[in-house]
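One file, upload.txt, is given below (compact mmCIF, N, CA and C atoms).
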# COMPACT_ATOMS: atom_id res chain seq x y z
N ILE A 1 30.43 -17.07 -19.81
CA ILE A 1 30.68 -18.10 -18.81
C ILE A 1 30.42 -19.45 -19.45
N GLU A 2 31.32 -20.39 -19.22
CA GLU A 2 31.15 -21.77 -19.68
C GLU A 2 31.20 -22.68 -18.46
N ILE A 3 30.49 -23.80 -18.53
CA ILE A 3 30.55 -24.79 -17.46
C ILE A 3 30.94 -26.12 -18.08
N GLU A 4 31.91 -26.79 -17.46
CA GLU A 4 32.39 -28.07 -17.95
C GLU A 4 32.42 -29.04 -16.78
N SER A 5 32.01 -30.26 -17.02
CA SER A 5 32.03 -31.29 -15.99
C SER A 5 33.03 -32.37 -16.39
N LEU A 6 34.01 -32.62 -15.52
CA LEU A 6 35.02 -33.64 -15.76
C LEU A 6 35.02 -34.61 -14.59
N GLY A 7 34.14 -35.60 -14.64
CA GLY A 7 34.03 -36.55 -13.54
C GLY A 7 33.62 -35.85 -12.26
N PRO A 8 34.44 -35.97 -11.19
CA PRO A 8 34.07 -35.33 -9.92
C PRO A 8 34.39 -33.84 -9.89
N GLN A 9 34.89 -33.29 -11.00
CA GLN A 9 35.26 -31.88 -11.03
C GLN A 9 34.32 -31.10 -11.95
N ILE A 10 33.88 -29.94 -11.45
CA ILE A 10 33.07 -29.01 -12.24
C ILE A 10 33.90 -27.75 -12.43
N ILE A 11 34.01 -27.27 -13.69
CA ILE A 11 34.78 -26.07 -13.96
C ILE A 11 33.84 -24.99 -14.50
N ILE A 12 33.86 -23.85 -13.86
CA ILE A 12 33.12 -22.67 -14.33
C ILE A 12 34.18 -21.73 -14.90
N ARG A 13 34.09 -21.46 -16.19
CA ARG A 13 35.10 -20.68 -16.90
C ARG A 13 34.55 -19.28 -17.18
N ILE A 14 35.22 -18.27 -16.66
CA ILE A 14 34.83 -16.88 -16.86
C ILE A 14 35.80 -16.27 -17.87
N ARG A 15 35.30 -15.91 -19.02
CA ARG A 15 36.15 -15.31 -20.04
C ARG A 15 36.49 -13.87 -19.68
N GLU A 16 37.61 -13.40 -20.21
CA GLU A 16 38.05 -12.03 -19.94
C GLU A 16 37.01 -11.01 -20.40
N LYS A 17 36.44 -11.23 -21.57
CA LYS A 17 35.52 -10.25 -22.15
C LYS A 17 34.33 -10.04 -21.22
N GLY A 18 34.15 -8.80 -20.79
CA GLY A 18 33.03 -8.48 -19.91
C GLY A 18 33.39 -8.53 -18.44
N SER A 19 34.33 -9.39 -18.07
CA SER A 19 34.68 -9.52 -16.65
C SER A 19 35.88 -8.66 -16.28
N PHE A 20 36.86 -8.56 -17.17
CA PHE A 20 38.07 -7.75 -16.94
C PHE A 20 38.35 -6.94 -18.19
N ALA A 21 38.83 -5.73 -18.00
CA ALA A 21 39.32 -4.96 -19.15
C ALA A 21 40.61 -5.61 -19.62
N SER A 22 40.95 -5.44 -20.86
CA SER A 22 42.16 -6.04 -21.42
C SER A 22 43.39 -5.61 -20.61
N GLY A 23 44.18 -6.59 -20.17
CA GLY A 23 45.39 -6.30 -19.42
C GLY A 23 45.16 -5.82 -18.00
N SER A 24 43.95 -5.99 -17.46
CA SER A 24 43.63 -5.50 -16.12
C SER A 24 43.28 -6.65 -15.17
N GLY A 25 43.64 -6.48 -13.92
CA GLY A 25 43.29 -7.45 -12.89
C GLY A 25 42.11 -7.00 -12.04
N PHE A 26 41.46 -5.91 -12.44
CA PHE A 26 40.33 -5.39 -11.68
C PHE A 26 39.02 -5.91 -12.28
N LEU A 27 38.24 -6.61 -11.48
CA LEU A 27 36.96 -7.14 -11.92
C LEU A 27 36.01 -5.98 -12.23
N GLN A 28 35.38 -6.01 -13.38
CA GLN A 28 34.46 -4.95 -13.79
C GLN A 28 33.28 -4.90 -12.81
N PRO A 29 32.89 -3.71 -12.35
CA PRO A 29 31.79 -3.59 -11.38
C PRO A 29 30.51 -4.28 -11.84
N ARG A 30 30.18 -4.21 -13.12
CA ARG A 30 28.93 -4.83 -13.59
C ARG A 30 29.01 -6.35 -13.57
N PHE A 31 30.20 -6.92 -13.44
CA PHE A 31 30.35 -8.37 -13.42
C PHE A 31 30.38 -8.94 -12.00
N LYS A 32 30.56 -8.08 -11.00
CA LYS A 32 30.63 -8.55 -9.61
C LYS A 32 29.36 -9.29 -9.18
N PRO A 33 28.15 -8.82 -9.53
CA PRO A 33 26.95 -9.58 -9.15
C PRO A 33 26.90 -10.97 -9.79
N VAL A 34 27.48 -11.12 -10.97
CA VAL A 34 27.52 -12.43 -11.63
C VAL A 34 28.38 -13.39 -10.81
N VAL A 35 29.55 -12.91 -10.37
CA VAL A 35 30.45 -13.75 -9.57
C VAL A 35 29.79 -14.08 -8.23
N ARG A 36 29.11 -13.12 -7.64
CA ARG A 36 28.41 -13.40 -6.37
C ARG A 36 27.30 -14.43 -6.56
N SER A 37 26.63 -14.39 -7.70
CA SER A 37 25.59 -15.39 -7.99
C SER A 37 26.21 -16.78 -8.08
N ILE A 38 27.38 -16.86 -8.70
CA ILE A 38 28.10 -18.14 -8.78
C ILE A 38 28.44 -18.61 -7.37
N GLY A 39 28.94 -17.70 -6.53
CA GLY A 39 29.27 -18.03 -5.15
C GLY A 39 28.07 -18.50 -4.37
N ASP A 40 26.92 -17.89 -4.62
CA ASP A 40 25.69 -18.28 -3.94
C ASP A 40 25.30 -19.72 -4.31
N LEU A 41 25.54 -20.08 -5.56
CA LEU A 41 25.26 -21.46 -5.99
C LEU A 41 26.27 -22.45 -5.40
N LEU A 42 27.52 -22.03 -5.32
CA LEU A 42 28.59 -22.95 -4.89
C LEU A 42 28.69 -23.12 -3.38
N LYS A 43 28.13 -22.19 -2.62
CA LYS A 43 28.33 -22.25 -1.17
C LYS A 43 27.79 -23.54 -0.55
N ASP A 44 26.80 -24.17 -1.19
CA ASP A 44 26.23 -25.41 -0.66
C ASP A 44 26.72 -26.66 -1.39
N VAL A 45 27.61 -26.48 -2.38
CA VAL A 45 28.17 -27.62 -3.10
C VAL A 45 29.43 -28.04 -2.36
N PRO A 46 29.50 -29.29 -1.89
CA PRO A 46 30.68 -29.72 -1.13
C PRO A 46 31.90 -29.86 -2.04
N GLY A 47 33.06 -29.66 -1.45
CA GLY A 47 34.31 -29.86 -2.19
C GLY A 47 35.25 -28.68 -2.08
N ILE A 48 36.45 -28.88 -2.59
CA ILE A 48 37.48 -27.86 -2.61
C ILE A 48 37.27 -26.98 -3.84
N ILE A 49 37.35 -25.68 -3.67
CA ILE A 49 37.16 -24.73 -4.76
C ILE A 49 38.49 -24.08 -5.08
N THR A 50 38.91 -24.22 -6.34
CA THR A 50 40.15 -23.59 -6.80
C THR A 50 39.80 -22.50 -7.80
N VAL A 51 40.26 -21.29 -7.53
CA VAL A 51 40.07 -20.17 -8.45
C VAL A 51 41.42 -19.94 -9.11
N SER A 52 41.47 -20.12 -10.44
CA SER A 52 42.74 -19.97 -11.15
C SER A 52 42.63 -18.93 -12.25
N GLY A 53 43.64 -18.05 -12.32
CA GLY A 53 43.71 -17.04 -13.36
C GLY A 53 44.62 -17.50 -14.47
N HIS A 54 44.26 -17.16 -15.71
CA HIS A 54 45.02 -17.58 -16.89
C HIS A 54 45.18 -16.39 -17.84
N THR A 55 46.34 -16.31 -18.47
CA THR A 55 46.59 -15.27 -19.47
C THR A 55 46.89 -15.93 -20.81
N ASP A 56 47.02 -15.09 -21.84
CA ASP A 56 47.46 -15.61 -23.14
C ASP A 56 48.99 -15.65 -23.14
N GLY A 57 49.59 -15.94 -24.27
CA GLY A 57 51.04 -16.07 -24.36
C GLY A 57 51.78 -14.77 -24.59
N MET A 58 51.07 -13.66 -24.70
CA MET A 58 51.72 -12.36 -24.89
C MET A 58 52.26 -11.87 -23.55
N HIS A 59 53.53 -11.57 -23.50
CA HIS A 59 54.14 -11.14 -22.23
C HIS A 59 53.69 -9.74 -21.87
N ILE A 60 53.40 -9.57 -20.58
CA ILE A 60 52.97 -8.26 -20.09
C ILE A 60 54.01 -7.76 -19.09
N SER A 61 54.28 -6.49 -19.14
CA SER A 61 55.15 -5.86 -18.16
C SER A 61 54.86 -4.37 -18.22
N ASN A 62 54.19 -3.87 -17.17
CA ASN A 62 53.87 -2.46 -17.11
C ASN A 62 53.91 -1.98 -15.66
N GLU A 63 53.40 -0.79 -15.40
CA GLU A 63 53.45 -0.25 -14.04
C GLU A 63 52.63 -1.07 -13.05
N LEU A 64 51.54 -1.69 -13.51
CA LEU A 64 50.67 -2.44 -12.60
C LEU A 64 51.04 -3.92 -12.48
N TYR A 65 51.48 -4.54 -13.56
CA TYR A 65 51.73 -5.98 -13.57
C TYR A 65 53.10 -6.27 -14.16
N SER A 66 53.94 -6.92 -13.39
CA SER A 66 55.30 -7.18 -13.82
C SER A 66 55.42 -8.38 -14.75
N SER A 67 54.36 -9.24 -14.78
CA SER A 67 54.43 -10.45 -15.59
C SER A 67 53.03 -11.04 -15.75
N ASN A 68 52.92 -12.07 -16.58
CA ASN A 68 51.66 -12.79 -16.72
C ASN A 68 51.29 -13.51 -15.42
N TRP A 69 52.30 -13.90 -14.65
CA TRP A 69 52.04 -14.51 -13.35
C TRP A 69 51.29 -13.51 -12.46
N ASP A 70 51.79 -12.29 -12.47
CA ASP A 70 51.21 -11.23 -11.65
C ASP A 70 49.76 -10.95 -12.07
N LEU A 71 49.53 -10.77 -13.36
CA LEU A 71 48.19 -10.47 -13.86
C LEU A 71 47.23 -11.62 -13.58
N SER A 72 47.65 -12.85 -13.87
CA SER A 72 46.74 -13.99 -13.67
C SER A 72 46.40 -14.17 -12.19
N SER A 73 47.37 -13.93 -11.32
CA SER A 73 47.13 -14.04 -9.87
C SER A 73 46.15 -12.98 -9.40
N LYS A 74 46.33 -11.74 -9.87
CA LYS A 74 45.44 -10.65 -9.47
C LYS A 74 44.00 -10.92 -9.91
N ARG A 75 43.84 -11.47 -11.10
CA ARG A 75 42.48 -11.78 -11.58
C ARG A 75 41.85 -12.87 -10.73
N ALA A 76 42.61 -13.88 -10.39
CA ALA A 76 42.08 -14.96 -9.55
C ALA A 76 41.70 -14.42 -8.17
N VAL A 77 42.55 -13.58 -7.61
CA VAL A 77 42.27 -13.00 -6.29
C VAL A 77 41.02 -12.12 -6.35
N ALA A 78 40.85 -11.34 -7.42
CA ALA A 78 39.67 -10.48 -7.55
C ALA A 78 38.38 -11.31 -7.54
N VAL A 79 38.39 -12.44 -8.24
CA VAL A 79 37.21 -13.31 -8.27
C VAL A 79 37.01 -13.96 -6.90
N ALA A 80 38.10 -14.41 -6.28
CA ALA A 80 38.01 -15.03 -4.95
C ALA A 80 37.43 -14.07 -3.92
N HIS A 81 37.83 -12.81 -3.98
CA HIS A 81 37.30 -11.81 -3.04
C HIS A 81 35.79 -11.65 -3.19
N GLU A 82 35.30 -11.66 -4.42
CA GLU A 82 33.85 -11.55 -4.64
C GLU A 82 33.12 -12.79 -4.13
N LEU A 83 33.70 -13.97 -4.37
CA LEU A 83 33.07 -15.20 -3.87
C LEU A 83 32.99 -15.17 -2.34
N ALA A 84 34.06 -14.69 -1.71
CA ALA A 84 34.12 -14.67 -0.24
C ALA A 84 33.11 -13.70 0.37
N LYS A 85 32.61 -12.75 -0.40
CA LYS A 85 31.61 -11.79 0.10
C LYS A 85 30.22 -12.41 0.23
N VAL A 86 30.02 -13.57 -0.36
CA VAL A 86 28.70 -14.21 -0.32
C VAL A 86 28.44 -14.76 1.07
N THR A 87 27.30 -14.41 1.65
CA THR A 87 26.92 -14.88 2.97
C THR A 87 26.84 -16.40 2.97
N GLY A 88 27.56 -17.03 3.90
CA GLY A 88 27.53 -18.49 4.02
C GLY A 88 28.60 -19.19 3.19
N PHE A 89 29.38 -18.43 2.41
CA PHE A 89 30.45 -19.04 1.61
C PHE A 89 31.65 -19.28 2.51
N ASP A 90 32.13 -20.51 2.58
CA ASP A 90 33.25 -20.89 3.44
C ASP A 90 34.56 -20.74 2.67
N GLU A 91 35.24 -19.62 2.89
CA GLU A 91 36.46 -19.37 2.14
C GLU A 91 37.62 -20.28 2.55
N SER A 92 37.48 -21.02 3.65
CA SER A 92 38.55 -21.93 4.07
C SER A 92 38.68 -23.12 3.12
N ARG A 93 37.69 -23.36 2.27
CA ARG A 93 37.80 -24.47 1.30
C ARG A 93 38.20 -23.97 -0.08
N MET A 94 38.70 -22.71 -0.13
CA MET A 94 39.07 -22.12 -1.40
C MET A 94 40.59 -21.96 -1.48
N GLN A 95 41.12 -22.23 -2.68
CA GLN A 95 42.53 -21.94 -2.96
C GLN A 95 42.60 -21.09 -4.23
N VAL A 96 43.60 -20.22 -4.30
CA VAL A 96 43.72 -19.27 -5.40
C VAL A 96 45.07 -19.49 -6.08
N VAL A 97 45.05 -19.57 -7.42
CA VAL A 97 46.25 -19.91 -8.18
C VAL A 97 46.39 -19.00 -9.40
N GLY A 98 47.59 -18.50 -9.64
CA GLY A 98 47.90 -17.77 -10.87
C GLY A 98 48.66 -18.70 -11.81
N MET A 99 48.11 -18.97 -12.96
CA MET A 99 48.70 -19.93 -13.90
C MET A 99 49.50 -19.27 -15.03
N ALA A 100 49.42 -17.93 -15.16
CA ALA A 100 50.04 -17.21 -16.29
C ALA A 100 49.53 -17.84 -17.59
N SER A 101 50.42 -18.13 -18.52
CA SER A 101 50.01 -18.70 -19.81
C SER A 101 50.33 -20.19 -19.89
N ASN A 102 50.51 -20.84 -18.75
CA ASN A 102 50.99 -22.22 -18.72
C ASN A 102 49.94 -23.30 -18.90
N SER A 103 48.68 -22.93 -19.02
CA SER A 103 47.64 -23.93 -19.19
C SER A 103 46.62 -23.44 -20.22
N PRO A 104 47.06 -23.24 -21.47
CA PRO A 104 46.14 -22.71 -22.49
C PRO A 104 45.08 -23.74 -22.89
N LEU A 105 43.89 -23.24 -23.21
CA LEU A 105 42.83 -24.12 -23.73
C LEU A 105 43.11 -24.46 -25.18
N VAL A 106 43.64 -23.48 -25.91
CA VAL A 106 43.94 -23.62 -27.34
C VAL A 106 45.30 -22.97 -27.59
N PRO A 107 45.96 -23.28 -28.72
CA PRO A 107 47.25 -22.64 -29.02
C PRO A 107 47.11 -21.11 -29.09
N ASN A 108 48.12 -20.40 -28.62
CA ASN A 108 48.12 -18.94 -28.62
C ASN A 108 48.59 -18.41 -29.98
N ASP A 109 47.96 -18.86 -31.05
CA ASP A 109 48.45 -18.53 -32.39
C ASP A 109 47.55 -17.58 -33.18
N SER A 110 46.51 -17.04 -32.55
CA SER A 110 45.64 -16.07 -33.21
C SER A 110 45.00 -15.19 -32.15
N ASN A 111 44.48 -14.03 -32.55
CA ASN A 111 43.79 -13.15 -31.59
C ASN A 111 42.62 -13.86 -30.94
N GLN A 112 41.86 -14.62 -31.74
CA GLN A 112 40.69 -15.33 -31.21
C GLN A 112 41.11 -16.37 -30.17
N ASN A 113 42.17 -17.12 -30.45
CA ASN A 113 42.63 -18.13 -29.49
C ASN A 113 43.21 -17.48 -28.23
N ARG A 114 43.98 -16.40 -28.40
CA ARG A 114 44.53 -15.72 -27.23
C ARG A 114 43.40 -15.20 -26.35
N SER A 115 42.35 -14.70 -26.96
CA SER A 115 41.18 -14.23 -26.22
C SER A 115 40.55 -15.36 -25.42
N ARG A 116 40.48 -16.53 -26.00
CA ARG A 116 39.89 -17.70 -25.32
C ARG A 116 40.72 -18.14 -24.11
N ASN A 117 42.03 -17.96 -24.22
CA ASN A 117 42.93 -18.38 -23.14
C ASN A 117 42.94 -17.42 -21.96
N ARG A 118 42.50 -16.19 -22.16
CA ARG A 118 42.44 -15.20 -21.06
C ARG A 118 41.15 -15.45 -20.29
N ARG A 119 41.29 -16.00 -19.08
CA ARG A 119 40.10 -16.42 -18.34
C ARG A 119 40.43 -16.62 -16.86
N VAL A 120 39.37 -16.75 -16.08
CA VAL A 120 39.47 -17.21 -14.69
C VAL A 120 38.59 -18.44 -14.60
N GLU A 121 39.11 -19.50 -14.00
CA GLU A 121 38.34 -20.71 -13.82
C GLU A 121 38.07 -20.95 -12.34
N ILE A 122 36.84 -21.38 -12.06
CA ILE A 122 36.46 -21.78 -10.70
C ILE A 122 36.19 -23.27 -10.80
N ALA A 123 37.05 -24.06 -10.17
CA ALA A 123 36.92 -25.52 -10.24
C ALA A 123 36.49 -26.04 -8.87
N ILE A 124 35.48 -26.92 -8.89
CA ILE A 124 35.01 -27.54 -7.66
C ILE A 124 35.37 -29.02 -7.74
N GLU A 125 36.22 -29.45 -6.82
CA GLU A 125 36.65 -30.84 -6.77
C GLU A 125 35.78 -31.54 -5.74
N GLN A 126 34.84 -32.34 -6.22
CA GLN A 126 33.93 -33.04 -5.31
C GLN A 126 34.46 -34.45 -5.02
N GLY A 127 34.05 -34.99 -3.92
CA GLY A 127 34.38 -36.37 -3.61
C GLY A 127 35.70 -36.56 -2.90
N LYS A 128 36.39 -35.49 -2.57
CA LYS A 128 37.62 -35.63 -1.80
C LYS A 128 37.27 -35.89 -0.35
N ALA A 129 38.09 -36.68 0.30
CA ALA A 129 37.84 -36.99 1.70
C ALA A 129 37.97 -35.73 2.54
N LYS A 130 37.08 -35.58 3.47
CA LYS A 130 37.11 -34.43 4.36
C LYS A 130 37.73 -34.88 5.68
N GLU A 131 38.68 -34.11 6.17
CA GLU A 131 39.29 -34.45 7.45
C GLU A 131 38.34 -34.14 8.57
N SER A 132 38.29 -35.04 9.53
CA SER A 132 37.44 -34.80 10.69
C SER A 132 38.32 -34.67 11.93
N ARG A 133 37.70 -34.27 13.00
CA ARG A 133 38.43 -34.18 14.26
C ARG A 133 38.85 -35.58 14.68
N GLU A 134 39.86 -35.64 15.51
CA GLU A 134 40.33 -36.93 16.02
C GLU A 134 39.23 -37.52 16.93
N ILE A 135 38.99 -38.81 16.76
CA ILE A 135 37.96 -39.49 17.54
C ILE A 135 38.68 -40.35 18.59
N GLU A 136 38.24 -40.21 19.82
CA GLU A 136 38.86 -40.97 20.90
C GLU A 136 37.96 -42.15 21.23
N ALA A 137 38.55 -43.32 21.20
CA ALA A 137 37.78 -44.52 21.54
C ALA A 137 37.98 -44.83 23.03
N ILE A 138 36.86 -45.01 23.71
CA ILE A 138 36.91 -45.32 25.16
C ILE A 138 36.54 -46.79 25.31
N PRO A 139 37.48 -47.58 25.85
CA PRO A 139 37.19 -49.01 25.99
C PRO A 139 36.05 -49.24 26.99
N GLN A 140 35.22 -50.20 26.66
CA GLN A 140 34.09 -50.56 27.51
C GLN A 140 34.57 -51.56 28.57
N PRO A 141 34.12 -51.43 29.83
CA PRO A 141 34.56 -52.35 30.90
C PRO A 141 33.99 -53.74 30.72
Could you spell out this file's structure in structure tokens?
Amino acid sequence: IEIESLGPQIIIRIREKGSFASGSGFLQPRFKPVVRSIGDLLKDVPGIITVSGHTDGMHISNELYSSNWDLSSKRAVAVAHELAKVTGFDESRMQVVGMASNSPLVPNDSNQNRSRNRRVEIAIEQGKAKESREIEAIPQP
């Protein structure tokens, strides 16, 4: 797991190794408590939470996943489901995105780099305006 801070945005990067088997969208059982711990920390941090799945540049097509879009989306959804299981976590402020190989951290030109690009990111966008209910002004006599 890596943590990066970019101004009002915090990114928690979960690498494939240990969290997902190669080419799989199923979160490893031993990694689920780690994701829940992250959710427990984030439940009180204000802001929009985006869970995004990322793959390397190698095209996948098998019985379970028809494309990198499919695999990256399934991984993001698997992490989102674990976050949503945390008591007090407001899933209405969460969005889930499958990025396929369209946002690599490094060029997909070696096994080591492809491994780095296979990840799920949890980004917290802080400081965005929160919509409130409509306020009715009553004129004073």
Close residues, Ile14 of chain A itself excluded, 7 Å, only N, CA and C atoms, min 6 positions apart in chain, as JSON, numbers by chain: {"A": [1, 2, 118, 119, 120, 121, 122]}
Please, what distance in Å, to one decimal, runs between atom CA of Glu16 of chain A and atom CA of Ile49 of chain A?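 Between atom CA of Glu16 of chain A and atom CA of Ile49 of chain A the gap is 19.8 Å.
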Using only N, CA and C atoms, which of the listed residues (A:Pro107, A:Val79, A:Arg114, A:His59) sits closest to Leu27 of chain A?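 Smallest separation from Leu27 of chain A among the options: A:Val79.
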Kindly assemble as JSON lines a list of the segment 3-42 of chain A residues that lie within 7 Å of segment 84-90 of chain A, each paired with its nearest atom pair and their distance in Å to one decimal, using only N, CA and C atoms, sorted first by chain and then by ascending residue number.
{"residue": "A:Arg36", "atom": "CA", "partner": "A:Val86", "partner_atom": "CA", "distance": 6.1}
{"residue": "A:Gly39", "atom": "C", "partner": "A:Val86", "partner_atom": "CA", "distance": 5.9}
{"residue": "A:Asp40", "atom": "N", "partner": "A:Val86", "partner_atom": "CA", "distance": 5.9}
{"residue": "A:Leu42", "atom": "C", "partner": "A:Phe89", "partner_atom": "CA", "distance": 6.7}
Go ahead and save the residues from that selection, with N, CA and C atoms, as a PDB file, keeping the file's coordinate frame.
ATOM      1  N   ARG A  36      29.110 -13.120  -7.640  1.00  0.00           N
ATOM      2  CA  ARG A  36      28.410 -13.400  -6.370  1.00  0.00           C
ATOM      3  C   ARG A  36      27.300 -14.430  -6.560  1.00  0.00           C
ATOM      4  N   GLY A  39      28.940 -17.700  -6.530  1.00  0.00           N
ATOM      5  CA  GLY A  39      29.270 -18.030  -5.150  1.00  0.00           C
ATOM      6  C   GLY A  39      28.070 -18.500  -4.370  1.00  0.00           C
ATOM      7  N   ASP A  40      26.920 -17.890  -4.620  1.00  0.00           N
ATOM      8  CA  ASP A  40      25.690 -18.280  -3.940  1.00  0.00           C
ATOM      9  C   ASP A  40      25.300 -19.720  -4.310  1.00  0.00           C
ATOM     10  N   LEU A  42      27.520 -22.030  -5.320  1.00  0.00           N
ATOM     11  CA  LEU A  42      28.590 -22.950  -4.890  1.00  0.00           C
ATOM     12  C   LEU A  42      28.690 -23.120  -3.380  1.00  0.00           C
TER      13      LEU A  42
END
If we draw a sphere of 10 Å around (35.5, -30.5, -13.1), which residues have at least one atom in it when counting only C-alpha atoms? Please report them as a PDB file with N, CA and C atoms, in the coordinates of the input.
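Final file, result_26.pdb:
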ATOM      1  N   ILE A   3      30.490 -23.800 -18.530  1.00  0.00           N
ATOM      2  CA  ILE A   3      30.550 -24.790 -17.460  1.00  0.00           C
ATOM      3  C   ILE A   3      30.940 -26.120 -18.080  1.00  0.00           C
ATOM      4  N   GLU A   4      31.910 -26.790 -17.460  1.00  0.00           N
ATOM      5  CA  GLU A   4      32.390 -28.070 -17.950  1.00  0.00           C
ATOM      6  C   GLU A   4      32.420 -29.040 -16.780  1.00  0.00           C
ATOM      7  N   SER A   5      32.010 -30.260 -17.020  1.00  0.00           N
ATOM      8  CA  SER A   5      32.030 -31.290 -15.990  1.00  0.00           C
ATOM      9  C   SER A   5      33.030 -32.370 -16.390  1.00  0.00           C
ATOM     10  N   LEU A   6      34.010 -32.620 -15.520  1.00  0.00           N
ATOM     11  CA  LEU A   6      35.020 -33.640 -15.760  1.00  0.00           C
ATOM     12  C   LEU A   6      35.020 -34.610 -14.590  1.00  0.00           C
ATOM     13  N   GLY A   7      34.140 -35.600 -14.640  1.00  0.00           N
ATOM     14  CA  GLY A   7      34.030 -36.550 -13.540  1.00  0.00           C
ATOM     15  C   GLY A   7      33.620 -35.850 -12.260  1.00  0.00           C
ATOM     16  N   PRO A   8      34.440 -35.970 -11.190  1.00  0.00           N
ATOM     17  CA  PRO A   8      34.070 -35.330  -9.920  1.00  0.00           C
ATOM     18  C   PRO A   8      34.390 -33.840  -9.890  1.00  0.00           C
ATOM     19  N   GLN A   9      34.890 -33.290 -11.000  1.00  0.00           N
ATOM     20  CA  GLN A   9      35.260 -31.880 -11.030  1.00  0.00           C
ATOM     21  C   GLN A   9      34.320 -31.100 -11.950  1.00  0.00           C
ATOM     22  N   ILE A  10      33.880 -29.940 -11.450  1.00  0.00           N
ATOM     23  CA  ILE A  10      33.070 -29.010 -12.240  1.00  0.00           C
ATOM     24  C   ILE A  10      33.900 -27.750 -12.430  1.00  0.00           C
ATOM     25  N   ILE A  11      34.010 -27.270 -13.690  1.00  0.00           N
ATOM     26  CA  ILE A  11      34.780 -26.070 -13.960  1.00  0.00           C
ATOM     27  C   ILE A  11      33.840 -24.990 -14.500  1.00  0.00           C
ATOM     28  N   ILE A  12      33.860 -23.850 -13.860  1.00  0.00           N
ATOM     29  CA  ILE A  12      33.120 -22.670 -14.330  1.00  0.00           C
ATOM     30  C   ILE A  12      34.180 -21.730 -14.900  1.00  0.00           C
ATOM     31  N   ILE A 122      36.840 -21.380 -12.060  1.00  0.00           N
ATOM     32  CA  ILE A 122      36.460 -21.780 -10.700  1.00  0.00           C
ATOM     33  C   ILE A 122      36.190 -23.270 -10.800  1.00  0.00           C
ATOM     34  N   ALA A 123      37.050 -24.060 -10.170  1.00  0.00           N
ATOM     35  CA  ALA A 123      36.920 -25.520 -10.240  1.00  0.00           C
ATOM     36  C   ALA A 123      36.490 -26.040  -8.870  1.00  0.00           C
ATOM     37  N   ILE A 124      35.480 -26.920  -8.890  1.00  0.00           N
ATOM     38  CA  ILE A 124      35.010 -27.540  -7.660  1.00  0.00           C
ATOM     39  C   ILE A 124      35.370 -29.020  -7.740  1.00  0.00           C
ATOM     40  N   GLU A 125      36.220 -29.450  -6.820  1.00  0.00           N
ATOM     41  CA  GLU A 125      36.650 -30.840  -6.770  1.00  0.00           C
ATOM     42  C   GLU A 125      35.780 -31.540  -5.740  1.00  0.00           C
ATOM     43  N   GLN A 126      34.840 -32.340  -6.220  1.00  0.00           N
ATOM     44  CA  GLN A 126      33.930 -33.040  -5.310  1.00  0.00           C
ATOM     45  C   GLN A 126      34.460 -34.450  -5.020  1.00  0.00           C
TER      46      GLN A 126
END
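When all atoms listed in the file are used to measure the gap to Ala76 of chain A, the shortest distance among A:Val34, A:Leu41, A:Val97, A:Leu105 belongs to A:Val97.
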